[in-house]
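Participant: Structure: model-v8.cif, mmCIF, C-alpha atoms and all ligand atoms.
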```cif
data_work
loop_
_atom_site.group_PDB
_atom_site.id
_atom_site.type_symbol
_atom_site.label_atom_id
_atom_site.label_comp_id
_atom_site.auth_asym_id
_atom_site.auth_seq_id
_atom_site.Cartn_x
_atom_site.Cartn_y
_atom_site.Cartn_z
ATOM 1 C CA LEU A 28 132.873 96.149 52.101
ATOM 2 C CA ALA A 29 135.330 97.936 49.854
ATOM 3 C CA ALA A 30 134.344 98.987 46.377
ATOM 4 C CA THR A 31 135.868 97.177 43.435
ATOM 5 C CA ASP A 32 137.566 99.725 41.237
ATOM 6 C CA TYR A 33 137.650 99.644 37.453
ATOM 7 C CA GLN A 34 139.987 102.049 35.679
ATOM 8 C CA ALA A 35 138.432 103.898 32.748
ATOM 9 C CA GLU A 36 141.602 103.523 30.671
ATOM 10 C CA ASP A 37 141.127 99.730 30.807
ATOM 11 C CA ALA A 38 137.458 99.820 29.796
ATOM 12 C CA THR A 39 135.882 99.777 26.336
ATOM 13 C CA ILE A 40 136.144 103.314 24.967
ATOM 14 C CA VAL A 41 134.037 104.534 22.067
ATOM 15 C CA GLN A 42 134.779 108.082 20.981
ATOM 16 C CA GLY A 43 137.379 108.877 23.580
ATOM 17 C CA THR A 44 141.098 108.560 24.178
ATOM 18 C CA VAL A 45 143.301 107.567 27.079
ATOM 19 C CA ALA A 46 145.190 110.590 28.373
ATOM 20 C CA ALA A 47 147.489 111.504 31.256
ATOM 21 C CA ASN A 48 148.018 115.212 30.640
ATOM 22 C CA HIS A 49 146.538 116.368 33.954
ATOM 23 C CA THR A 50 147.401 115.480 37.541
ATOM 24 C CA GLY A 51 145.458 113.630 40.200
ATOM 25 C CA TYR A 52 144.340 110.541 38.283
ATOM 26 C CA THR A 53 144.676 106.950 39.498
ATOM 27 C CA GLY A 54 145.940 104.011 37.473
ATOM 28 C CA THR A 55 147.825 104.909 34.301
ATOM 29 C CA GLY A 56 145.595 107.703 33.044
ATOM 30 C CA PHE A 57 142.008 108.662 32.416
ATOM 31 C CA VAL A 58 139.570 108.791 29.525
ATOM 32 C CA ASP A 59 139.170 112.062 27.660
ATOM 33 C CA TYR A 60 135.744 111.745 26.029
ATOM 34 C CA THR A 61 135.516 113.088 22.504
ATOM 35 C CA ASN A 62 133.439 116.262 22.573
ATOM 36 C CA VAL A 63 130.363 114.713 20.980
ATOM 37 C CA LYS A 64 127.022 113.420 22.198
ATOM 38 C CA GLY A 65 127.049 109.623 22.350
ATOM 39 C CA SER A 66 130.690 109.136 23.304
ATOM 40 C CA TYR A 67 130.925 106.411 25.951
ATOM 41 C CA VAL A 68 133.010 104.245 28.260
ATOM 42 C CA GLU A 69 131.755 100.763 29.090
ATOM 43 C CA PHE A 70 132.898 98.703 32.066
ATOM 44 C CA THR A 71 132.479 94.940 32.280
ATOM 45 C CA VAL A 72 131.763 94.029 35.876
ATOM 46 C CA SER A 73 131.416 90.549 37.272
ATOM 47 C CA GLY A 74 131.334 88.975 40.673
ATOM 48 C CA ALA A 75 128.791 91.338 42.152
ATOM 49 C CA SER A 76 125.792 89.954 43.943
ATOM 50 C CA ALA A 77 122.398 90.426 42.395
ATOM 51 C CA GLY A 78 120.624 93.532 43.610
ATOM 52 C CA THR A 79 121.388 97.185 43.869
ATOM 53 C CA ALA A 80 124.895 98.550 44.202
ATOM 54 C CA SER A 81 126.417 101.980 44.341
ATOM 55 C CA LEU A 82 128.390 103.133 41.328
ATOM 56 C CA THR A 83 130.867 105.909 42.083
ATOM 57 C CA LEU A 84 132.369 107.695 39.081
ATOM 58 C CA ARG A 85 135.549 109.721 39.644
ATOM 59 C CA TYR A 86 135.748 112.539 37.146
ATOM 60 C CA ALA A 87 137.138 115.976 36.337
ATOM 61 C CA ASN A 88 135.399 118.782 34.471
ATOM 62 C CA GLY A 89 137.576 121.824 33.959
ATOM 63 C CA THR A 90 134.921 123.739 32.080
ATOM 64 C CA SER A 91 132.128 125.792 33.579
ATOM 65 C CA THR A 92 129.488 123.709 31.796
ATOM 66 C CA ASP A 93 127.860 120.507 33.005
ATOM 67 C CA ARG A 94 128.863 117.296 31.166
ATOM 68 C CA PRO A 95 125.833 115.049 31.803
ATOM 69 C CA MET A 96 125.913 111.323 31.058
ATOM 70 C CA ASP A 97 123.369 108.532 30.892
ATOM 71 C CA ILE A 98 124.296 105.534 33.034
ATOM 72 C CA SER A 99 123.093 102.264 31.582
ATOM 73 C CA VAL A 100 123.345 98.657 32.679
ATOM 74 C CA ASN A 101 123.109 95.927 30.052
ATOM 75 C CA GLY A 102 121.600 98.355 27.549
ATOM 76 C CA THR A 103 118.977 99.925 29.782
ATOM 77 C CA VAL A 104 119.401 103.496 30.995
ATOM 78 C CA VAL A 105 119.045 103.339 34.765
ATOM 79 C CA SER A 106 120.167 106.894 35.608
ATOM 80 C CA PRO A 107 119.460 109.386 32.816
ATOM 81 C CA ALA A 108 121.485 112.574 32.306
ATOM 82 C CA VAL A 109 123.443 112.392 35.541
ATOM 83 C CA SER A 110 125.087 115.747 36.203
ATOM 84 C CA PHE A 111 128.894 116.020 36.168
ATOM 85 C CA PRO A 112 129.376 119.664 37.081
ATOM 86 C CA ALA A 113 132.548 121.745 37.054
ATOM 87 C CA THR A 114 135.411 120.683 39.333
ATOM 88 C CA THR A 115 137.406 123.970 39.211
ATOM 89 C CA ASP A 116 140.012 122.675 36.747
ATOM 90 C CA TRP A 117 141.124 119.510 34.943
ATOM 91 C CA ASN A 118 143.473 118.547 37.799
ATOM 92 C CA THR A 119 140.660 118.555 40.350
ATOM 93 C CA TRP A 120 138.655 115.354 40.657
ATOM 94 C CA ALA A 121 135.274 114.720 42.226
ATOM 95 C CA THR A 122 132.983 111.756 42.582
ATOM 96 C CA LYS A 123 129.391 111.193 41.639
ATOM 97 C CA THR A 124 127.487 108.210 43.008
ATOM 98 C CA VAL A 125 124.367 106.600 41.602
ATOM 99 C CA THR A 126 122.536 103.429 42.528
ATOM 100 C CA ILE A 127 122.384 100.733 39.862
ATOM 101 C CA PRO A 128 120.921 97.251 39.543
ATOM 102 C CA LEU A 129 123.343 94.391 38.977
ATOM 103 C CA THR A 130 122.949 90.715 38.232
ATOM 104 C CA ALA A 131 124.954 87.898 39.773
ATOM 105 C CA GLY A 132 126.639 87.397 36.398
ATOM 106 C CA THR A 133 128.504 89.778 34.120
ATOM 107 C CA ASP A 134 127.133 93.283 33.715
ATOM 108 C CA LYS A 135 127.983 96.008 31.217
ATOM 109 C CA ILE A 136 127.914 99.444 32.793
ATOM 110 C CA ARG A 137 128.080 102.288 30.299
ATOM 111 C CA ALA A 138 128.482 106.039 30.823
ATOM 112 C CA THR A 139 127.353 107.915 27.692
ATOM 113 C CA ALA A 140 127.621 111.647 27.071
ATOM 114 C CA THR A 141 124.245 113.244 26.412
ATOM 115 C CA THR A 142 125.432 116.634 25.153
ATOM 116 C CA ALA A 143 127.739 117.911 22.427
ATOM 117 C CA GLY A 144 130.498 118.627 24.954
ATOM 118 C CA GLY A 145 130.956 114.910 25.513
ATOM 119 C CA GLY A 146 131.598 113.439 28.940
ATOM 120 C CA PRO A 147 133.884 114.747 31.642
ATOM 121 C CA ASN A 148 137.355 113.240 31.983
ATOM 122 C CA LEU A 149 136.728 109.890 33.667
ATOM 123 C CA ASP A 150 139.332 108.314 35.963
ATOM 124 C CA ARG A 151 137.645 105.210 37.280
ATOM 125 C CA VAL A 152 134.459 103.785 38.712
ATOM 126 C CA GLY A 153 133.962 101.947 41.969
ATOM 127 C CA VAL A 154 131.231 99.355 42.277
ATOM 128 C CA GLY A 155 129.867 98.484 45.690
ATOM 129 C CA ALA A 156 130.721 101.390 47.939
ATOM 130 C CA ALA A 157 130.996 105.144 47.750
ATOM 131 C CA ALA A 158 134.558 106.114 48.526
ATOM 132 C CA ASP A 159 137.476 108.007 47.053
ATOM 133 C CA THR A 160 140.364 106.519 48.978
ATOM 134 C CA GLN A 161 142.902 105.523 46.329
ATOM 135 C CA ALA A 162 146.063 107.638 46.254
ATOM 136 C CA PRO A 163 146.660 109.532 42.997
ATOM 137 C CA THR A 164 149.406 108.265 40.708
ATOM 138 C CA ARG A 165 150.787 111.764 40.295
HETATM 139 C C1 LIG A 201 140.796 120.107 27.397
HETATM 140 C C2 LIG A 201 141.406 119.195 28.437
HETATM 141 C C3 LIG A 201 140.983 117.758 28.214
HETATM 142 C C4 LIG A 201 139.467 117.695 28.175
HETATM 143 C C5 LIG A 201 138.946 118.614 27.097
HETATM 144 C C6 LIG A 201 137.422 118.639 27.024
HETATM 145 O O1 LIG A 201 141.332 119.829 26.140
HETATM 146 O O2 LIG A 201 142.818 119.267 28.394
HETATM 147 O O3 LIG A 201 141.496 116.922 29.243
HETATM 148 O O4 LIG A 201 139.030 116.379 27.948
HETATM 149 O O5 LIG A 201 139.389 119.930 27.331
HETATM 150 O O6 LIG A 201 136.865 119.708 26.909
HETATM 151 O O7 LIG A 201 136.792 117.590 27.095
#
```
Translate this file's structure into structure tokens.
Ligand code: GCU

Facilitator:
Amino acid sequence: LAATDYQAEDATIVQGTVAANHTGYTGTGFVDYTNVKGSYVEFTVSGASAGTASLTLRYANGTSTDRPMDISVNGTVVSPAVSFPATTDWNTWATKTVTIPLTAGTDKIRATATTAGGGPNLDRVGVGAAADTQAPTR
């Protein structure tokens, strides 16, 4: 079963901006988290079946410092301080996969920066399978 992809630039963004100033992203851009603790991107996901699913976050971190984020579902942190380590440069993207619980209804999946650096640049998330198969836009 293919993952359903949700572009970060289409999600709810609190303390972050949509950007396209690096290569390798999918969709129309990516989210550049503001460099503060608490900045977040929230995805509204529906149509999943109840139970556990994989959540694959495609990100870039051009610094040499980790950019950890809490992953929460419907207000509850389900994966605390997930590591988003360096990816060589801002044009190099990697994926991180965690397992999350979903309901059969609508779920709010949030990725919140836990350190003052803010989150990594976030391209998209995939819900339901761990894959990185979408061709970059540029
Ligand atoms: C640079 C980079 C941004 C990135 C930012 C950061 O400014 O160009 O894409 O988001 O660093 O440190 O978060």

Participant: Looking at A:Pro112, A:Gly102, A:Gly146, A:Gly54, which one is nearest to ligand LIG 201 (chain A), with distances taken over all atoms listed in the file?

Facilitator: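 Nearest candidate to ligand LIG 201 (chain A) out of A:Pro112, A:Gly102, A:Gly146, A:Gly54: A:Gly146.
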
Participant: Return as a list in words every polymer residue, whether protein, DNA or RNA, with at least one atom no more than 8 Å from an atom of ligand LIG 201 (chain A); count only C-alpha atoms and all ligand atoms.

Facilitator: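 If we count only C-alpha atoms and all ligand atoms, the neighbours of ligand LIG 201 (chain A) turn out to be Ala46, Asn48, His49, Val58, Asp59, Tyr60, Thr61, Asn62, Asn88, Gly89, Thr90, Trp117, Gly144, Gly145, Gly146, Pro147 and Asn148 of chain A.
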
Participant: Restricting the output to C-alpha atoms, write the selected residues as an mmCIF file, in the coordinates of the input.

Facilitator:
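File produced: again.cif:
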```cif
data_model
loop_
_atom_site.group_PDB
_atom_site.id
_atom_site.type_symbol
_atom_site.label_atom_id
_atom_site.label_comp_id
_atom_site.auth_asym_id
_atom_site.auth_seq_id
_atom_site.Cartn_x
_atom_site.Cartn_y
_atom_site.Cartn_z
ATOM 1 C CA ALA A 46 145.190 110.590 28.373
ATOM 2 C CA ASN A 48 148.018 115.212 30.640
ATOM 3 C CA HIS A 49 146.538 116.368 33.954
ATOM 4 C CA VAL A 58 139.570 108.791 29.525
ATOM 5 C CA ASP A 59 139.170 112.062 27.660
ATOM 6 C CA TYR A 60 135.744 111.745 26.029
ATOM 7 C CA THR A 61 135.516 113.088 22.504
ATOM 8 C CA ASN A 62 133.439 116.262 22.573
ATOM 9 C CA ASN A 88 135.399 118.782 34.471
ATOM 10 C CA GLY A 89 137.576 121.824 33.959
ATOM 11 C CA THR A 90 134.921 123.739 32.080
ATOM 12 C CA TRP A 117 141.124 119.510 34.943
ATOM 13 C CA GLY A 144 130.498 118.627 24.954
ATOM 14 C CA GLY A 145 130.956 114.910 25.513
ATOM 15 C CA GLY A 146 131.598 113.439 28.940
ATOM 16 C CA PRO A 147 133.884 114.747 31.642
ATOM 17 C CA ASN A 148 137.355 113.240 31.983
#
```

Participant: Do you know which residues lie at most 8 Å from (127.9, 115.6, 35.3), with coordinates as in the file and only C-alpha atoms counted, and could you write them as a ChimeraX atom specification?

Facilitator: /A:93-96,108-113,123,146-147

Participant: Could those residues be written to a file, using C-alpha atoms, as a compact mmCIF listing (two decimals), in the coordinates of the input?

Facilitator:
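again-v2.txt, written as the output of this step:
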```txt
# COMPACT_ATOMS: atom_id res chain seq x y z
CA ASP A 93 127.86 120.51 33.01
CA ARG A 94 128.86 117.30 31.17
CA PRO A 95 125.83 115.05 31.80
CA MET A 96 125.91 111.32 31.06
CA ALA A 108 121.48 112.57 32.31
CA VAL A 109 123.44 112.39 35.54
CA SER A 110 125.09 115.75 36.20
CA PHE A 111 128.89 116.02 36.17
CA PRO A 112 129.38 119.66 37.08
CA ALA A 113 132.55 121.74 37.05
CA LYS A 123 129.39 111.19 41.64
CA GLY A 146 131.60 113.44 28.94
CA PRO A 147 133.88 114.75 31.64
```

Participant: Calculate, to one decimal in Å, the centre and edge lengths of the box along x, y and z of the file that holds all listed atoms of region 127-131 of chain A with 4 Å of margin on each side, and present them as lines of an AutoDock Vina configuration file.

Facilitator:
```
center_x = 122.9
center_y = 94.3
center_z = 39.0
size_x = 12.0
size_y = 20.8
size_z = 9.6
```

Participant: Compute the distance from (125.7, 105.9, 42.1) to each atom, counting all atoms listed in the file, keep the residues with any atom at most 12 Å away, and return them as number ranges by chain; use the coordinates of the file.

Facilitator: A: 30, 79-85, 97-99, 105-107, 109-110, 122-128, 136, 138, 152-158

Participant: Residues as selected, C-alpha atoms, written as a PDB file, keeping the file's coordinate frame, can you do that?

Facilitator:
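Below you can see selection-v7.pdb, which holds the result:
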```pdb
ATOM      1  CA  ALA A  30     134.344  98.987  46.377  1.00  0.00           C
ATOM      2  CA  THR A  79     121.388  97.185  43.869  1.00  0.00           C
ATOM      3  CA  ALA A  80     124.895  98.550  44.202  1.00  0.00           C
ATOM      4  CA  SER A  81     126.417 101.980  44.341  1.00  0.00           C
ATOM      5  CA  LEU A  82     128.390 103.133  41.328  1.00  0.00           C
ATOM      6  CA  THR A  83     130.867 105.909  42.083  1.00  0.00           C
ATOM      7  CA  LEU A  84     132.369 107.695  39.081  1.00  0.00           C
ATOM      8  CA  ARG A  85     135.549 109.721  39.644  1.00  0.00           C
ATOM      9  CA  ASP A  97     123.369 108.532  30.892  1.00  0.00           C
ATOM     10  CA  ILE A  98     124.296 105.534  33.034  1.00  0.00           C
ATOM     11  CA  SER A  99     123.093 102.264  31.582  1.00  0.00           C
ATOM     12  CA  VAL A 105     119.045 103.339  34.765  1.00  0.00           C
ATOM     13  CA  SER A 106     120.167 106.894  35.608  1.00  0.00           C
ATOM     14  CA  PRO A 107     119.460 109.386  32.816  1.00  0.00           C
ATOM     15  CA  VAL A 109     123.443 112.392  35.541  1.00  0.00           C
ATOM     16  CA  SER A 110     125.087 115.747  36.203  1.00  0.00           C
ATOM     17  CA  THR A 122     132.983 111.756  42.582  1.00  0.00           C
ATOM     18  CA  LYS A 123     129.391 111.193  41.639  1.00  0.00           C
ATOM     19  CA  THR A 124     127.487 108.210  43.008  1.00  0.00           C
ATOM     20  CA  VAL A 125     124.367 106.600  41.602  1.00  0.00           C
ATOM     21  CA  THR A 126     122.536 103.429  42.528  1.00  0.00           C
ATOM     22  CA  ILE A 127     122.384 100.733  39.862  1.00  0.00           C
ATOM     23  CA  PRO A 128     120.921  97.251  39.543  1.00  0.00           C
ATOM     24  CA  ILE A 136     127.914  99.444  32.793  1.00  0.00           C
ATOM     25  CA  ALA A 138     128.482 106.039  30.823  1.00  0.00           C
ATOM     26  CA  VAL A 152     134.459 103.785  38.712  1.00  0.00           C
ATOM     27  CA  GLY A 153     133.962 101.947  41.969  1.00  0.00           C
ATOM     28  CA  VAL A 154     131.231  99.355  42.277  1.00  0.00           C
ATOM     29  CA  GLY A 155     129.867  98.484  45.690  1.00  0.00           C
ATOM     30  CA  ALA A 156     130.721 101.390  47.939  1.00  0.00           C
ATOM     31  CA  ALA A 157     130.996 105.144  47.750  1.00  0.00           C
ATOM     32  CA  ALA A 158     134.558 106.114  48.526  1.00  0.00           C
TER      33      ALA A 158
END
```

Participant: Identify, on the basis of all atoms listed in the file, every residue whose closest approach to Gln34 (chain A) does not exceed 9 Å; exclude the query and any residue fewer than 4 positions from it along the same chain; express the result as a list of chain:residue names.

Facilitator: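 Close residues of Gln34 (chain A): A:Ala38, A:Thr53, A:Gly54, A:Thr55, A:Gly56, A:Phe57, A:Phe70, A:Leu149, A:Asp150, A:Arg151, A:Val152, A:Gly153.
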